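Enquirer: Structure supplied as structure.cif; contents: mmCIF, C-alpha atoms.
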```cif
data_data
#
loop_
_atom_site.label_atom_id
_atom_site.label_comp_id
_atom_site.auth_asym_id
_atom_site.auth_seq_id
_atom_site.Cartn_x
_atom_site.Cartn_y
_atom_site.Cartn_z
CA MET Y 1 -3.49 -35.23 -25.97
CA ILE Y 2 -6.88 -36.19 -24.53
CA GLN Y 3 -8.45 -35.75 -27.95
CA PHE Y 4 -5.79 -37.94 -29.53
CA LEU Y 5 -6.46 -40.70 -26.97
CA SER Y 6 -10.17 -40.45 -27.73
CA TYR Y 7 -9.50 -40.81 -31.46
CA LEU Y 8 -7.13 -43.71 -30.75
CA CYS Y 9 -9.79 -45.56 -28.73
CA ASN Y 10 -12.34 -45.02 -31.50
CA GLY Y 11 -9.83 -46.25 -34.06
CA ILE Y 12 -9.04 -49.39 -32.08
CA SER Y 13 -12.78 -50.03 -31.63
CA LEU Y 14 -13.50 -49.64 -35.35
CA GLY Y 15 -10.40 -51.65 -36.19
CA SER Y 16 -11.57 -54.44 -33.89
CA VAL Y 17 -14.75 -54.75 -35.96
CA TYR Y 18 -12.64 -54.85 -39.14
CA ALA Y 19 -10.47 -57.50 -37.49
CA ILE Y 20 -13.44 -59.75 -36.65
CA ILE Y 21 -14.69 -59.48 -40.23
CA ALA Y 22 -11.17 -60.02 -41.58
CA LEU Y 23 -10.89 -63.22 -39.54
CA GLY Y 24 -13.74 -64.63 -41.63
CA TYR Y 25 -12.00 -63.64 -44.86
CA THR Y 26 -8.63 -64.99 -43.78
CA MET Y 27 -10.01 -68.34 -42.56
CA VAL Y 28 -11.91 -69.01 -45.78
CA TYR Y 29 -8.95 -68.00 -47.92
CA GLY Y 30 -6.49 -69.91 -45.75
CA ILE Y 31 -8.48 -73.15 -45.93
CA ALA Y 32 -10.40 -73.03 -49.22
CA LYS Y 33 -8.10 -70.64 -51.12
CA MET Y 34 -11.05 -68.51 -52.27
CA LEU Y 35 -12.16 -64.94 -51.60
CA ASN Y 36 -15.74 -64.84 -50.34
CA PHE Y 37 -16.80 -61.32 -51.32
CA ALA Y 38 -20.34 -62.09 -50.12
CA HIS Y 39 -18.94 -62.04 -46.58
CA GLY Y 40 -19.76 -58.35 -46.16
CA ASP Y 41 -23.42 -59.01 -46.93
CA VAL Y 42 -23.56 -61.83 -44.39
CA ILE Y 43 -22.63 -59.10 -41.88
CA MET Y 44 -25.68 -57.14 -42.99
CA ILE Y 45 -27.98 -60.18 -42.71
CA GLY Y 46 -26.71 -60.86 -39.19
CA ALA Y 47 -27.41 -57.28 -38.15
CA TYR Y 48 -30.95 -57.45 -39.58
CA ILE Y 49 -31.67 -60.72 -37.75
CA ALA Y 50 -30.50 -59.23 -34.45
CA PHE Y 51 -32.53 -56.08 -35.14
CA CYS Y 52 -35.71 -58.07 -35.80
CA ALA Y 53 -35.12 -60.26 -32.76
CA MET Y 54 -34.86 -57.21 -30.48
CA GLN Y 55 -37.40 -54.87 -32.08
CA TYR Y 56 -40.16 -57.18 -33.33
CA TRP Y 57 -39.79 -60.41 -31.33
CA GLY Y 58 -38.80 -58.86 -28.00
CA PHE Y 59 -35.70 -60.99 -27.44
CA PRO Y 60 -32.98 -59.72 -25.07
CA PRO Y 61 -29.73 -58.58 -26.74
CA VAL Y 62 -27.73 -61.72 -25.91
CA ILE Y 63 -30.38 -64.05 -27.35
CA SER Y 64 -30.67 -61.76 -30.40
CA VAL Y 65 -26.92 -62.00 -31.05
CA ILE Y 66 -27.04 -65.80 -30.70
CA ALA Y 67 -30.01 -65.94 -33.12
CA ALA Y 68 -28.05 -63.84 -35.63
CA MET Y 69 -25.05 -66.17 -35.29
CA VAL Y 70 -27.20 -69.28 -35.83
CA VAL Y 71 -28.88 -67.83 -38.93
CA CYS Y 72 -25.60 -66.59 -40.42
CA THR Y 73 -23.88 -69.90 -39.69
CA ALA Y 74 -26.60 -71.74 -41.61
CA LEU Y 75 -26.46 -69.11 -44.37
CA GLY Y 76 -22.69 -69.49 -44.70
CA VAL Y 77 -22.97 -73.26 -45.08
CA ILE Y 78 -25.77 -72.90 -47.66
CA ILE Y 79 -23.76 -70.36 -49.66
CA GLU Y 80 -20.73 -72.65 -49.67
CA ARG Y 81 -22.73 -75.72 -50.70
CA LEU Y 82 -24.78 -74.02 -53.45
CA ALA Y 83 -22.40 -71.40 -54.85
CA TYR Y 84 -18.82 -72.43 -54.11
CA LYS Y 85 -18.68 -76.21 -53.77
CA PRO Y 86 -19.58 -76.82 -57.48
CA LEU Y 87 -16.69 -74.49 -58.37
CA ARG Y 88 -14.10 -76.23 -56.19
CA LYS Y 89 -11.95 -77.01 -59.26
CA ALA Y 90 -12.93 -73.97 -61.32
CA THR Y 91 -10.70 -71.00 -62.08
CA SER Y 92 -10.24 -68.20 -59.57
CA LEU Y 93 -12.06 -65.81 -61.90
CA ALA Y 94 -15.18 -68.00 -61.93
CA VAL Y 95 -15.21 -68.15 -58.13
CA LEU Y 96 -14.71 -64.39 -57.90
CA ILE Y 97 -17.61 -63.64 -60.27
CA THR Y 98 -19.83 -66.06 -58.34
CA ALA Y 99 -18.93 -64.35 -55.05
CA ILE Y 100 -19.82 -60.93 -56.47
CA GLY Y 101 -23.11 -62.34 -57.79
CA MET Y 102 -23.92 -63.84 -54.39
CA SER Y 103 -23.18 -60.47 -52.79
CA TYR Y 104 -25.69 -58.69 -55.03
CA LEU Y 105 -28.23 -61.47 -54.46
CA LEU Y 106 -28.07 -61.04 -50.67
CA GLN Y 107 -28.35 -57.25 -50.98
CA ASN Y 108 -31.43 -57.49 -53.17
CA VAL Y 109 -33.06 -60.09 -50.94
CA ALA Y 110 -32.53 -57.70 -48.02
CA LEU Y 111 -34.12 -54.90 -50.06
CA LEU Y 112 -37.18 -57.05 -50.74
CA VAL Y 113 -37.56 -58.21 -47.13
CA TRP Y 114 -36.63 -55.10 -45.13
CA GLY Y 115 -36.85 -52.27 -47.66
CA ALA Y 116 -34.34 -49.56 -48.52
CA ASN Y 117 -35.14 -47.16 -45.65
CA PRO Y 118 -32.40 -47.00 -42.99
CA LYS Y 119 -33.33 -48.40 -39.59
CA SER Y 120 -32.10 -47.21 -36.21
CA PHE Y 121 -30.24 -50.07 -34.59
CA PRO Y 122 -30.51 -50.32 -30.79
CA SER Y 123 -27.34 -50.90 -28.79
CA VAL Y 124 -26.85 -54.45 -27.55
CA VAL Y 125 -24.56 -53.25 -24.76
CA GLY Y 126 -26.39 -52.13 -21.64
CA LEU Y 127 -23.33 -51.04 -19.66
CA GLY Y 128 -22.31 -47.53 -18.71
CA ALA Y 129 -19.39 -45.62 -20.18
CA LEU Y 130 -15.95 -45.64 -18.56
CA SER Y 131 -14.75 -42.22 -17.39
CA MET Y 132 -11.00 -41.62 -17.18
CA LEU Y 133 -8.61 -38.72 -16.50
CA ASN Y 134 -11.14 -36.85 -14.32
CA GLY Y 135 -13.90 -37.24 -16.88
CA GLN Y 136 -11.89 -35.81 -19.78
CA LEU Y 137 -11.73 -39.16 -21.58
CA ILE Y 138 -14.95 -41.13 -22.00
CA ILE Y 139 -14.77 -44.67 -23.36
CA THR Y 140 -18.15 -46.05 -24.35
CA SER Y 141 -19.31 -49.50 -23.36
CA GLU Y 142 -19.58 -50.40 -27.07
CA THR Y 143 -15.87 -49.66 -27.48
CA ILE Y 144 -14.92 -51.81 -24.49
CA VAL Y 145 -17.09 -54.74 -25.56
CA THR Y 146 -15.91 -54.56 -29.18
CA ILE Y 147 -12.21 -54.59 -28.29
CA THR Y 148 -12.73 -57.36 -25.72
CA ALA Y 149 -14.72 -59.46 -28.18
CA CYS Y 150 -11.99 -59.10 -30.82
CA VAL Y 151 -9.24 -60.24 -28.44
CA VAL Y 152 -11.29 -63.17 -27.11
CA ILE Y 153 -12.28 -64.32 -30.61
CA MET Y 154 -8.69 -64.22 -31.85
CA ILE Y 155 -7.42 -66.19 -28.85
CA VAL Y 156 -10.19 -68.80 -29.16
CA LEU Y 157 -9.61 -69.21 -32.91
CA THR Y 158 -5.87 -69.53 -32.43
CA LEU Y 159 -6.36 -72.22 -29.78
CA PHE Y 160 -9.00 -73.94 -31.89
CA THR Y 161 -6.80 -74.20 -34.98
CA SER Y 162 -3.73 -75.33 -33.03
CA LYS Y 163 -5.16 -77.60 -30.32
CA THR Y 164 -8.37 -79.26 -31.55
CA LYS Y 165 -8.77 -82.14 -33.98
CA MET Y 166 -10.96 -80.10 -36.37
CA GLY Y 167 -8.57 -77.17 -36.18
CA LYS Y 168 -5.63 -79.39 -37.11
CA ALA Y 169 -7.72 -80.82 -39.96
CA MET Y 170 -8.24 -77.26 -41.22
CA ARG Y 171 -4.51 -76.66 -41.21
CA VAL Y 172 -3.88 -79.88 -43.13
CA VAL Y 173 -6.54 -79.00 -45.72
CA SER Y 174 -4.96 -75.56 -46.04
CA GLU Y 175 -1.59 -77.11 -46.84
CA ASP Y 176 -2.71 -79.86 -49.25
CA LYS Y 177 -6.29 -80.97 -49.94
CA GLY Y 178 -5.17 -84.12 -51.74
CA ALA Y 179 -2.95 -85.25 -48.87
CA ALA Y 180 -5.75 -84.42 -46.41
CA GLU Y 181 -8.14 -86.75 -48.27
CA LEU Y 182 -5.55 -89.54 -48.24
CA MET Y 183 -5.28 -89.11 -44.47
CA GLY Y 184 -9.03 -89.64 -44.10
CA ILE Y 185 -10.01 -86.01 -43.56
CA ASN Y 186 -13.39 -84.98 -44.93
CA VAL Y 187 -12.33 -81.95 -46.97
CA ASN Y 188 -15.88 -80.86 -47.84
CA ALA Y 189 -16.97 -80.92 -44.19
CA THR Y 190 -13.84 -79.02 -43.16
CA ILE Y 191 -14.44 -76.27 -45.71
CA SER Y 192 -18.13 -76.06 -44.70
CA LEU Y 193 -17.07 -75.68 -41.06
CA THR Y 194 -14.72 -72.87 -42.07
CA PHE Y 195 -17.56 -71.02 -43.80
CA ALA Y 196 -19.80 -71.62 -40.77
CA ILE Y 197 -17.26 -70.13 -38.35
CA GLY Y 198 -16.55 -67.17 -40.64
CA SER Y 199 -20.27 -66.43 -41.05
CA ALA Y 200 -20.89 -66.64 -37.28
CA LEU Y 201 -18.09 -64.11 -36.80
CA ALA Y 202 -19.72 -61.92 -39.46
CA ALA Y 203 -22.93 -61.86 -37.42
CA VAL Y 204 -21.04 -60.74 -34.32
CA ALA Y 205 -19.22 -58.06 -36.32
CA GLY Y 206 -22.49 -56.81 -37.83
CA VAL Y 207 -24.11 -56.41 -34.41
CA LEU Y 208 -21.07 -54.64 -32.95
CA LEU Y 209 -20.74 -52.37 -35.98
CA CYS Y 210 -24.39 -51.32 -35.88
CA SER Y 211 -24.24 -50.82 -32.11
CA ALA Y 212 -21.43 -48.31 -32.58
CA TYR Y 213 -22.84 -46.76 -35.77
CA PRO Y 214 -26.61 -47.30 -35.36
CA THR Y 215 -27.81 -47.11 -38.95
CA LEU Y 216 -28.87 -50.32 -40.68
CA GLN Y 217 -29.67 -50.74 -44.39
CA PRO Y 218 -29.03 -53.35 -47.13
CA THR Y 219 -25.67 -51.78 -48.03
CA THR Y 220 -24.45 -51.68 -44.41
CA GLY Y 221 -21.91 -54.48 -44.81
CA ALA Y 222 -20.53 -53.55 -48.23
CA MET Y 223 -17.91 -50.93 -47.32
CA PRO Y 224 -16.88 -52.51 -43.98
CA GLY Y 225 -16.52 -55.81 -45.85
CA ILE Y 226 -14.17 -54.26 -48.40
CA LYS Y 227 -12.16 -52.52 -45.68
CA ALA Y 228 -11.95 -55.76 -43.70
CA PHE Y 229 -10.63 -57.53 -46.80
CA THR Y 230 -8.03 -54.76 -47.02
CA ALA Y 231 -7.19 -55.42 -43.37
CA ALA Y 232 -6.79 -59.14 -44.06
CA VAL Y 233 -4.37 -58.41 -46.91
CA PHE Y 234 -2.60 -55.77 -44.81
CA GLY Y 235 -2.00 -58.17 -41.93
CA GLY Y 236 -1.27 -61.16 -44.16
CA ILE Y 237 -4.27 -63.05 -45.50
CA GLY Y 238 -4.38 -66.55 -44.08
CA SER Y 239 -2.91 -65.42 -40.74
CA ILE Y 240 -5.28 -65.08 -37.74
CA PRO Y 241 -2.97 -62.73 -35.76
CA GLY Y 242 -2.35 -60.86 -39.01
CA ALA Y 243 -6.08 -60.26 -39.51
CA MET Y 244 -6.36 -58.78 -36.02
CA LEU Y 245 -3.25 -56.62 -36.41
CA GLY Y 246 -4.28 -55.42 -39.88
CA GLY Y 247 -7.82 -54.61 -38.76
CA ILE Y 248 -6.78 -52.58 -35.72
CA LEU Y 249 -4.08 -50.67 -37.59
CA LEU Y 250 -6.48 -49.91 -40.43
CA GLY Y 251 -9.16 -48.65 -38.03
CA VAL Y 252 -6.67 -46.36 -36.30
CA ILE Y 253 -5.38 -45.05 -39.65
CA GLU Y 254 -8.93 -44.33 -40.84
CA ILE Y 255 -10.03 -42.50 -37.69
CA LEU Y 256 -6.82 -40.46 -37.37
CA GLY Y 257 -6.92 -39.63 -41.08
CA LYS Y 258 -10.49 -38.36 -40.80
CA ALA Y 259 -9.70 -36.41 -37.63
CA TYR Y 260 -6.44 -34.73 -38.62
CA VAL Y 261 -6.49 -34.60 -42.42
CA SER Y 262 -9.95 -34.78 -44.00
CA MET Y 263 -13.27 -36.49 -43.33
CA GLU Y 264 -13.71 -37.03 -47.06
CA LEU Y 265 -10.31 -38.67 -47.48
CA GLY Y 266 -10.64 -41.15 -44.61
CA ASP Y 267 -11.53 -44.05 -46.89
CA ALA Y 268 -8.80 -43.04 -49.34
CA PHE Y 269 -6.19 -43.54 -46.62
CA VAL Y 270 -7.44 -47.08 -46.05
CA PHE Y 271 -7.02 -48.10 -49.68
CA ALA Y 272 -3.75 -46.19 -50.01
CA VAL Y 273 -2.43 -48.45 -47.27
CA LEU Y 274 -3.47 -51.49 -49.32
CA ILE Y 275 -1.62 -50.19 -52.38
CA VAL Y 276 1.54 -49.46 -50.39
CA VAL Y 277 1.49 -52.87 -48.69
CA LEU Y 278 1.00 -54.69 -51.99
CA LEU Y 279 3.94 -52.78 -53.48
CA VAL Y 280 6.32 -53.12 -50.53
CA LYS Y 281 5.32 -56.44 -48.91
CA PRO Y 282 2.70 -58.32 -50.96
CA THR Y 283 2.36 -61.08 -48.33
CA GLY Y 284 1.26 -58.59 -45.68
CA LEU Y 285 2.75 -57.79 -42.28
CA LEU Y 286 2.56 -61.34 -40.88
CA GLY Y 287 2.02 -63.29 -44.10
CA LYS Y 288 4.39 -65.98 -45.30
CA THR Y 289 5.90 -66.26 -48.75
CA ILE Y 290 4.70 -69.44 -50.49
CA HIS Y 291 6.91 -71.07 -53.10
CA GLU Y 292 5.07 -73.00 -55.82
CA LYS Y 293 6.68 -75.58 -58.09
CA VAL Y 294 6.05 -75.09 -61.80
#
```
What would the structure in this file look like if it were written as structure tokens?
Expert:
Amino acid sequence: MIQFLSYLCNGISLGSVYAIIALGYTMVYGIAKMLNFAHGDVIMIGAYIAFCAMQYWGFPPVISVIAAMVVCTALGVIIERLAYKPLRKATSLAVLITAIGMSYLLQNVALLVWGANPKSFPSVVGLGALSMLNGQLIITSETIVTITACVVIMIVLTLFTSKTKMGKAMRVVSEDKGAAELMGINVNATISLTFAIGSALAAVAGVLLCSAYPTLQPTTGAMPGIKAFTAAVFGGIGSIPGAMLGGILLGVIEILGKAYVSMELGDAFVFAVLIVVLLVKPTGLLGKTIHEKV
């Protein structure tokens, strides 16, 4: 029982990272109706910036995380302006190919700048572990901070999109870009803001991921990015609560699958979930069915 609780905590922690990444996917898709497959590599860039800030520039962890968020925010806006904005009216296939190309570009830039050798990422959490059940269950500070960050981010994003003027503009753009323009909403600025927020979240996710699994290399964000996209689809892409729910459930499924079935088949369970969800409920757990007139 104690071992199961330990696995469950690890699964929720990993799933919280997937959820934060999935929030970036779901916001961009919900507003701009495009899949930014370079999102996983923005995670990697954010982790490298935080690593350099702590190891080479001597910044404290909090300042390093903020620096990573600033750089990734700017990077997200640049990517949207240079790669995606010219394709605003292009086919979905053209956008998808561009996103894959941008992903490979970021990976190769990271290879040129930081090299291919893995780097040991220092933890940004300086707190002690939490001991429970007479010391039989140990919950690391990274787990506590990751879960807390996920919950806080989801609450803040939910309030932002429902209560603020820019958040309401995002919802209008998501429903109908043409109507949003007629209402005086700057659609381009709204989409850029969406990319900025998603990229800032990617930086946070990259730091938390590398704090829990302290190995950093140019391919660090690739697999977590794909799994987070699976989580977004699982929960219902376009839904903020759905991204959180899908991410946490997926993390738990992965950890329990590796623990009780097979370490080698852990990733297979994740993608098996995606296949089942697409067959049974294509809109995801909390997604809404959209009717289009033809």
Enquirer: Taking only C-alpha atoms into account, name the residue in Y:Met69, Y:Leu8, Y:Val28, Y:Val273 that is nearest to Y:Leu250.
Expert: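 Ranking Y:Met69, Y:Leu8, Y:Val28, Y:Val273 by distance to Y:Leu250, first place goes to Y:Val273.
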Enquirer: How far is it from atom CA of Y:Tyr84 to atom CA of Y:Val172, in Å with one decimal?
Expert: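 Rounded to one decimal, the two atoms are 20.0 Å apart.
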Enquirer: Expand the PyMOL selection byres ((chain Y and resi 97) around 12) into the explicit residue set it covers here, and present it as a list in words.
Expert: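 Selected by the PyMOL selection byres ((chain Y and resi 97) around 12) here: Met34, Leu35, Asn36, Phe37, Ala38, Ala83, Tyr84, Leu87, Ala90, Thr91, Ser92, Leu93, Ala94, Val95, Leu96, Thr98, Ala99, Ile100, Gly101, Met102, Ser103 and Tyr104 of chain Y.
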Enquirer: Pick out the residues sitting within 12 Å of Y:Thr219, and hand them over as a PyMOL selection string; count only C-alpha atoms, and ignore anything fewer than 6 positions along from it in its own chain.
Expert: chain Y and resi 38+40-45+47-48+103-111+114-119+206+225-226
Enquirer: Using only C-alpha atoms, determine which residues lie at most 8 Å from stretch 196-205 of chain Y, disregarding the query and same-chain residues fewer than 4 positions distant; provide the list as a list in words.
Expert: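 Counting only the stated atoms, we get Val17, Tyr18, Ile20, Ile21, Leu23, Gly24, Tyr25, Met27, Val28, His39, Gly40, Val42, Ile43, Met44, Ile45, Gly46, Ala47, Val65, Ala68, Met69, Val70, Cys72, Thr73, Ala74, Leu75, Gly76, Val77, Ser192 and Leu209 of chain Y.
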Enquirer: Atom CA of Y:Ser131 and atom CA of Y:Ala19, how far apart in Å?
Expert: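 Between atom CA of Y:Ala19 and atom CA of Y:Ser131 the gap is 25.6 Å.
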Enquirer: What does the structure give for the distance between atom CA of Y:Val280 and atom CA of Y:Cys9, in Å to one decimal?
Expert: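 Result for atom CA of Y:Val280 versus atom CA of Y:Cys9: 28.1 Å, one decimal.
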Enquirer: For Y:Phe271, which residue out of Y:Thr283, Y:Lys227, Y:Gly236, Y:Ala180 is the nearest one, using all atoms listed in the file?
Expert: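 Of Y:Thr283, Y:Lys227, Y:Gly236, Y:Ala180, the one nearest Y:Phe271, counting all atoms listed in the file, is Y:Lys227.
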Enquirer: Which is closest to Y:Lys177 among Y:Ile139, Y:Val277, Y:Leu285, Y:Ile31, if we use all atoms listed in the file?
Expert: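 Checking each of Y:Ile139, Y:Val277, Y:Leu285, Y:Ile31 against Y:Lys177, counting all atoms listed in the file, the winner is Y:Ile31.
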Enquirer: Determine the residue set returned by the PyMOL selection byres ((chain Y and resi 254-263) around 10) for the present structure, and present it as a list of chain:residue names.
Expert: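 With the shown file as input, the PyMOL selection byres ((chain Y and resi 254-263) around 10) matches Y:Gln3, Y:Phe4, Y:Tyr7, Y:Leu8, Y:Cys9, Y:Asn10, Y:Gly11, Y:Ile12, Y:Leu14, Y:Gly15, Y:Ile248, Y:Leu249, Y:Leu250, Y:Gly251, Y:Val252, Y:Ile253, Y:Glu264, Y:Leu265, Y:Gly266, Y:Asp267, Y:Ala268, Y:Phe269, Y:Val270, Y:Phe271.
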Enquirer: Would you kindly return, as a list in words, each protein, DNA or RNA residue with an atom no farther than 9 Å from any atom of Y:Pro61, considering only C-alpha atoms and excluding same-chain residues fewer than 2 positions away?
Expert: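 That gives Ala50, Ala53, Met54, Phe59, Ile63, Ser64, Val65, Ile66, Ser123, Val124, Val125 and Gly126 of chain Y.
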Enquirer: If you apply the PyMOL selection byres ((chain Y and resi 235) around 6) to this file, what residues do you get, as a VMD selection string?
Expert: chain Y and resid 232 to 234 236 242 to 243 245 to 246 284 to 286
Enquirer: Restricting the calculation to only C-alpha atoms: of Y:Ala32, Y:Met132, Y:Leu5, Y:Val145, which residue gets closest to Y:Leu193?
Expert: Y:Ala32
Enquirer: If I wrap all listed atoms of stretch 66-75 of chain Y in a box with edges along x, y and z and add 4 Å on each side, what are its centre and edge lengths in Å to one decimal, as AutoDock Vina command-line options?
Expert:
```
--center_x -26.9 --center_y -67.8 --center_z -37.5 --size_x 14.1 --size_y 15.9 --size_z 21.7
```
Enquirer: Can you work out which one of Y:Ala212, Y:Ile240, Y:Ile185, Y:Leu278 has the shortest atom-to-atom distance to Y:Phe160, counting only C-alpha atoms?
Expert: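 Ranked by minimum distance to Y:Phe160, first place goes to Y:Ile240.
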